[in-house]
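First up is the structure itself, then whatever we jot down about it.
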There are 2 protein chains.
Amino acid sequence: MVTMVEVSQRAGVSTATVSRVLNSPDVVDQKTLQLVQTAISDLGYRPNAVARGLASRSSKTIGVVINRFSSSYYGRMLQGVEEALTSLKFKAIAESSHESAEGEMSAVYSLLDRQCEGIVLHSDMLSDDQLRELFNKQSKIVLMNRLLNGFEDKCVYLDNVRGGTLAADYLIEMGHRDIAILTGPESFFESSDRLDGFLTRVDQSGLNVDQDLIFEGDFRASSGRTAMERIWALGKPVTALFCMNDEMAAGAIDACLERGVSVPKNISILGFDDHEMSRFLHPKLTTIRQPLTEIGAAAGNLAHALARQADHKKNKTVFEAEVVERASVMKIQLNKRSQLGERL
Amino acid sequence: MVTMVEVSQRAGVSTATVSRVLNSPDVVDQKTLQLVQTAISDLGYRPNAVARGLASRSSKTIGVVINRFSSSYYGRMLQGVEEALTSLKFKAIAESSHESAEGEMSAVYSLLDRQCEGIVLHSDMLSDDQLRELFNKQSKIVLMNRLLNGFEDKCVYLDNVRGGTLAADYLIEMGHRDIAILTGPESFFESSDRLDGFLTRVDQSGLNVDQDLIFEGDFRASSGRTAMERIWALGKPVTALFCMNDEMAAGAIDACLERGVSVPKNISILGFDDHEMSRFLHPKLTTIRQPLTEIGAAAGNLAHALARQADHKKNKTVFEAEVVERASVMKIQLNKRSQLGERL
DNA sequence: CTGTTAGCGCGTTCAG
DNA sequence: CTGAACGCGCTAACAG
């Protein structure tokens, strides 16, 4: 490994000067600058980032914790963080939590040990209380796509309650009254928030959702299938199914296709997320879009601001979902409603 | 920040002893061990990984370069690398190349600057010559999912030629003779290798592919649509389309659906990759699967072996694709072949 | 088994 | 504008 010492010797200067041409070239004389620069390129010298970090007590790095890399859901957020930090001349370094609470915690500390100046944490498994404890101890953490009460200024997230409201508004406007709901795991805040928003709006509209038609899924396609089967088993009229993510919606559509039930003619299906694949489903999935990349970018920016004690009040931290209208939800005539439902 | 010095003072020992309880607890006396450990937990001391790396000249870290995080294609490989390294007590740190040759190169060097002990590089944009130059200078790089002649022992990849052969075998066996092909960009080795394998096998079978029916795409869904439109415009009989990735296949299926052309009844479509979404397309896509996660894991293991000068001859480095039979390719009767083709 | 002494490769004073 | 000296937090001999 070629170090600064060798460069300084070849250029006939001190290491301090070499350090200067690296960090503040303008304060060094033109001639010596040239001298050092040619020495650098002659030797193929590359500054050791680890040593620099130690000496300068600044790593210019933000750590990111996500569940796993293999899904485009997390990938899109990570991409956003990375792009934001790159344009701030920071680096992102990501670690996977392997979808466990201990994994999330240990990833945070491992990243902190590496002297990351800030952390962007996506947490599904830690409880609000555990997170609060963590946030009380570590001030440089940003929570990505989740709201932690009491730490609003450290959170960048989608307004899931409004997302649920949006879904309700949309389905109601499309004429649906007999609506089934497929949630994610009960413990997931995304899911419960969306459900809250949805049910509240339904209620406000003077309508209601049959409790028997609220199913708990696990965010995987198979639970979409299961939900459809349960709906059929119940035999109640249902004109629309709201799935809290697109994968479950895909599973539901699949089950319909197999049984010869037409989507959206016989039943409308609404998803959530706007997953990569949603535009390729048949019918193309109408869904509620989360701006994941933007959320990631905002989280990256916030973490950077926090790390550099900059003013972070300017950052947008609450994002709105939006309806992406494709082909899986159909408008139905109110007077034909019950008829349709029964035909199911 | 609490450092070793504070720990040593509180425990009444030297920093060397603190270092020992961290790195080789067995050589230190039980009593002092206890003493130091309580001091550590009392102070909430956490070793600075950067300083450790500098002093020990070992980062226990492998860098990974991929095009982008947002696609599950790269995510699956990254996941494999990460899992393999985690079980070797190494860390993976990933950087995105932003899909450019300079990006790939600078990511490699940035990772090296951070004292990664090895690099796993996925390169689409660098030429073979550029890669050879890089590999000659840097010995600790592993090429993921690409073959570089002359550096076979540094490569972990899918045998794309055999993947192409496999595709040809399958389609021929299913009775297809009038086959169209949609490749990726000409410069991509994946694409040209698969094409080679495909055409060679077709030739060996005494058949041939109409040159007019070989289209160049860009691996994105829209080129699948375009290809279908061109096929229809040509008016030649075609019973099957082989797309060199699943996204293009999805686009092709979509175009068929819109035009009322049934897949696979009117035309069979075969993909490549086994993308996350392929099982949700309609019809479910029959495709050639790449074991991306395993390839990533093998690359991680190889990089680790290289970094630690271990024997890396034992690693499996060439992977085979396999047919995943779903519903988008239909067996056709040879005697009905031309009839079918014309009906298109 | 433990403390002392040197660094790891660099940034950063402070004189000059 | 430049060099000498010191320190970042830790590991690694070497004595004892």
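Identifiers for the structure tokens are assigned positionally: chains receive A, B, ... in sequence, residues are indexed from 1 per chain, and ligands are indexed from 1 in the order shown.
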What are the residues of chain A that have an atom within 12 Å of an atom of chain C, counting only C-alpha atoms (C1' of nucleotides), as a PyMOL selection string? chain A and resi 1-6+15-20+22-24+46-58
Within 6 Å of chain A, which residues of chain B are there when counting only C-alpha atoms? Please give them as number ranges by chain. B: 48-50, 69-72, 75-76, 79, 93, 113-114, 277, 281-282
Counting only C-alpha atoms (C1' of nucleotides), chain D residues within 10 Å of chain A, as a CSV table (one decimal) with N, CA and C atoms (P, O5', C5', C4', C3', O3' and C1' of nucleotides), in the first residue's frame:
chain,number,residue,atom,x,y,z
D,1,DC,P,-0.7,31.1,-0.9
D,1,DC,O5',0.4,30.2,-0.3
D,1,DC,C5',1.5,29.8,-1.0
D,1,DC,C4',2.5,29.3,-0.1
D,1,DC,C3',2.5,27.8,0.2
D,1,DC,O3',3.7,27.2,-0.3
D,1,DC,C1',2.9,29.1,2.1
D,2,DT,P,3.8,25.7,-0.5
D,2,DT,O5',4.4,25.2,0.9
D,2,DT,C5',5.8,25.5,1.1
D,2,DT,C4',6.1,25.1,2.5
D,2,DT,C3',6.0,23.6,2.9
D,2,DT,O3',7.3,23.1,3.0
D,2,DT,C1',5.2,25.1,4.6
D,3,DG,P,7.5,21.5,3.1
D,3,DG,O5',7.8,21.3,4.6
D,3,DG,C5',9.0,22.0,5.2
D,3,DG,C4',8.9,21.8,6.7
D,3,DG,C3',8.9,20.4,7.2
D,3,DG,O3',9.8,20.2,8.2
D,3,DG,C1',7.1,21.7,8.1
D,4,DA,P,10.2,18.8,8.8
D,4,DA,O5',10.0,19.0,10.3
D,4,DA,C5',10.1,20.3,10.9
D,4,DA,C4',9.6,20.3,12.4
D,4,DA,C3',9.7,18.9,13.0
D,4,DA,O3',9.9,19.1,14.4
D,4,DA,C1',7.4,19.6,12.8
D,7,DG,P,-0.4,14.8,22.1
D,7,DG,O5',-1.7,14.3,21.3
D,7,DG,C5',-2.6,15.3,20.8
D,7,DG,C4',-3.6,14.6,19.9
D,7,DG,C3',-4.1,13.3,20.4
D,7,DG,O3',-5.5,13.2,20.3
D,7,DG,C1',-3.2,12.9,18.3
D,8,DC,P,-6.4,12.2,21.1
D,8,DC,O5',-7.3,11.6,20.0
D,8,DC,C5',-8.0,12.4,19.1
D,8,DC,C4',-8.5,11.5,18.0
D,8,DC,C3',-8.8,10.1,18.4
D,8,DC,O3',-10.3,10.0,18.6
D,8,DC,C1',-7.5,10.1,16.4
D,9,DG,P,-10.9,9.6,20.0
D,9,DG,O5',-10.8,8.0,20.0
D,9,DG,C5',-11.5,7.3,19.0
D,9,DG,C4',-10.9,5.9,18.9
D,9,DG,C3',-10.9,5.2,20.2
D,9,DG,O3',-11.6,4.0,20.0
D,9,DG,C1',-8.8,5.0,19.0
Would you please extract all strand (DSSP E or B) residues from range 63-142 of chain A, as assigned by DSSP on the backbone, and give them as a list in words?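 Selecting the strand (DSSP E or B) positions of range 63-142 of chain A gives Gly63, Val64, Val65, Ile66, Lys91, Ala92, Ile93, Ala94, Glu95, Ser96, Gly118, Ile119, Val120, Leu121, Ile141 and Val142 of chain A.
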Restricting it to C-alpha atoms, dump the selection as an mmCIF file, in the first residue's frame.
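Result file follows (result.cif):
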data_model
loop_
_atom_site.group_PDB
_atom_site.id
_atom_site.type_symbol
_atom_site.label_atom_id
_atom_site.label_comp_id
_atom_site.auth_asym_id
_atom_site.auth_seq_id
_atom_site.Cartn_x
_atom_site.Cartn_y
_atom_site.Cartn_z
ATOM 1 C CA GLY A 63 -25.879 3.962 7.622
ATOM 2 C CA VAL A 64 -29.128 2.476 6.368
ATOM 3 C CA VAL A 65 -30.962 -0.446 7.918
ATOM 4 C CA ILE A 66 -33.594 -2.330 5.948
ATOM 5 C CA LYS A 91 -21.925 7.749 1.218
ATOM 6 C CA ALA A 92 -24.661 5.360 2.217
ATOM 7 C CA ILE A 93 -23.798 2.038 3.695
ATOM 8 C CA ALA A 94 -26.612 -0.418 4.061
ATOM 9 C CA GLU A 95 -27.091 -3.345 6.345
ATOM 10 C CA SER A 96 -29.871 -5.890 6.404
ATOM 11 C CA GLY A 118 -26.237 9.232 11.010
ATOM 12 C CA ILE A 119 -28.569 6.271 10.631
ATOM 13 C CA VAL A 120 -31.632 5.772 8.496
ATOM 14 C CA LEU A 121 -33.649 3.016 10.075
ATOM 15 C CA ILE A 141 -31.215 8.216 13.927
ATOM 16 C CA VAL A 142 -33.966 8.842 11.431
#
Counting only C-alpha atoms (C1' of nucleotides), what is within 7 Å of range 169-177 of chain A, bar same-chain residues fewer than 6 positions away, as a CSV table (one decimal) with N, CA and C atoms, in the first residue's frame?
chain,number,residue,atom,x,y,z
A,239,THR,N,-68.4,-6.6,-3.4
A,239,THR,CA,-68.1,-6.0,-4.8
A,239,THR,C,-66.7,-5.6,-4.9
A,240,ALA,N,-66.0,-5.4,-3.7
A,240,ALA,CA,-64.6,-4.9,-3.8
A,240,ALA,C,-63.8,-5.5,-2.7
A,330,MET,N,-63.7,-1.4,-10.8
A,330,MET,CA,-64.7,-0.9,-11.8
A,330,MET,C,-65.7,-0.1,-11.1
A,331,LYS,N,-66.2,0.9,-11.8
A,331,LYS,CA,-67.3,1.7,-11.2
A,331,LYS,C,-68.6,0.9,-11.3
A,332,ILE,N,-69.3,0.8,-10.3
A,332,ILE,CA,-70.6,0.0,-10.4
A,332,ILE,C,-71.8,0.9,-10.1
A,333,GLN,N,-72.9,0.6,-10.7
A,333,GLN,CA,-74.1,1.4,-10.5
A,333,GLN,C,-74.7,1.0,-9.2
A,334,LEU,N,-75.1,2.0,-8.4
A,334,LEU,CA,-75.6,1.7,-7.1
A,334,LEU,C,-76.8,0.8,-7.1
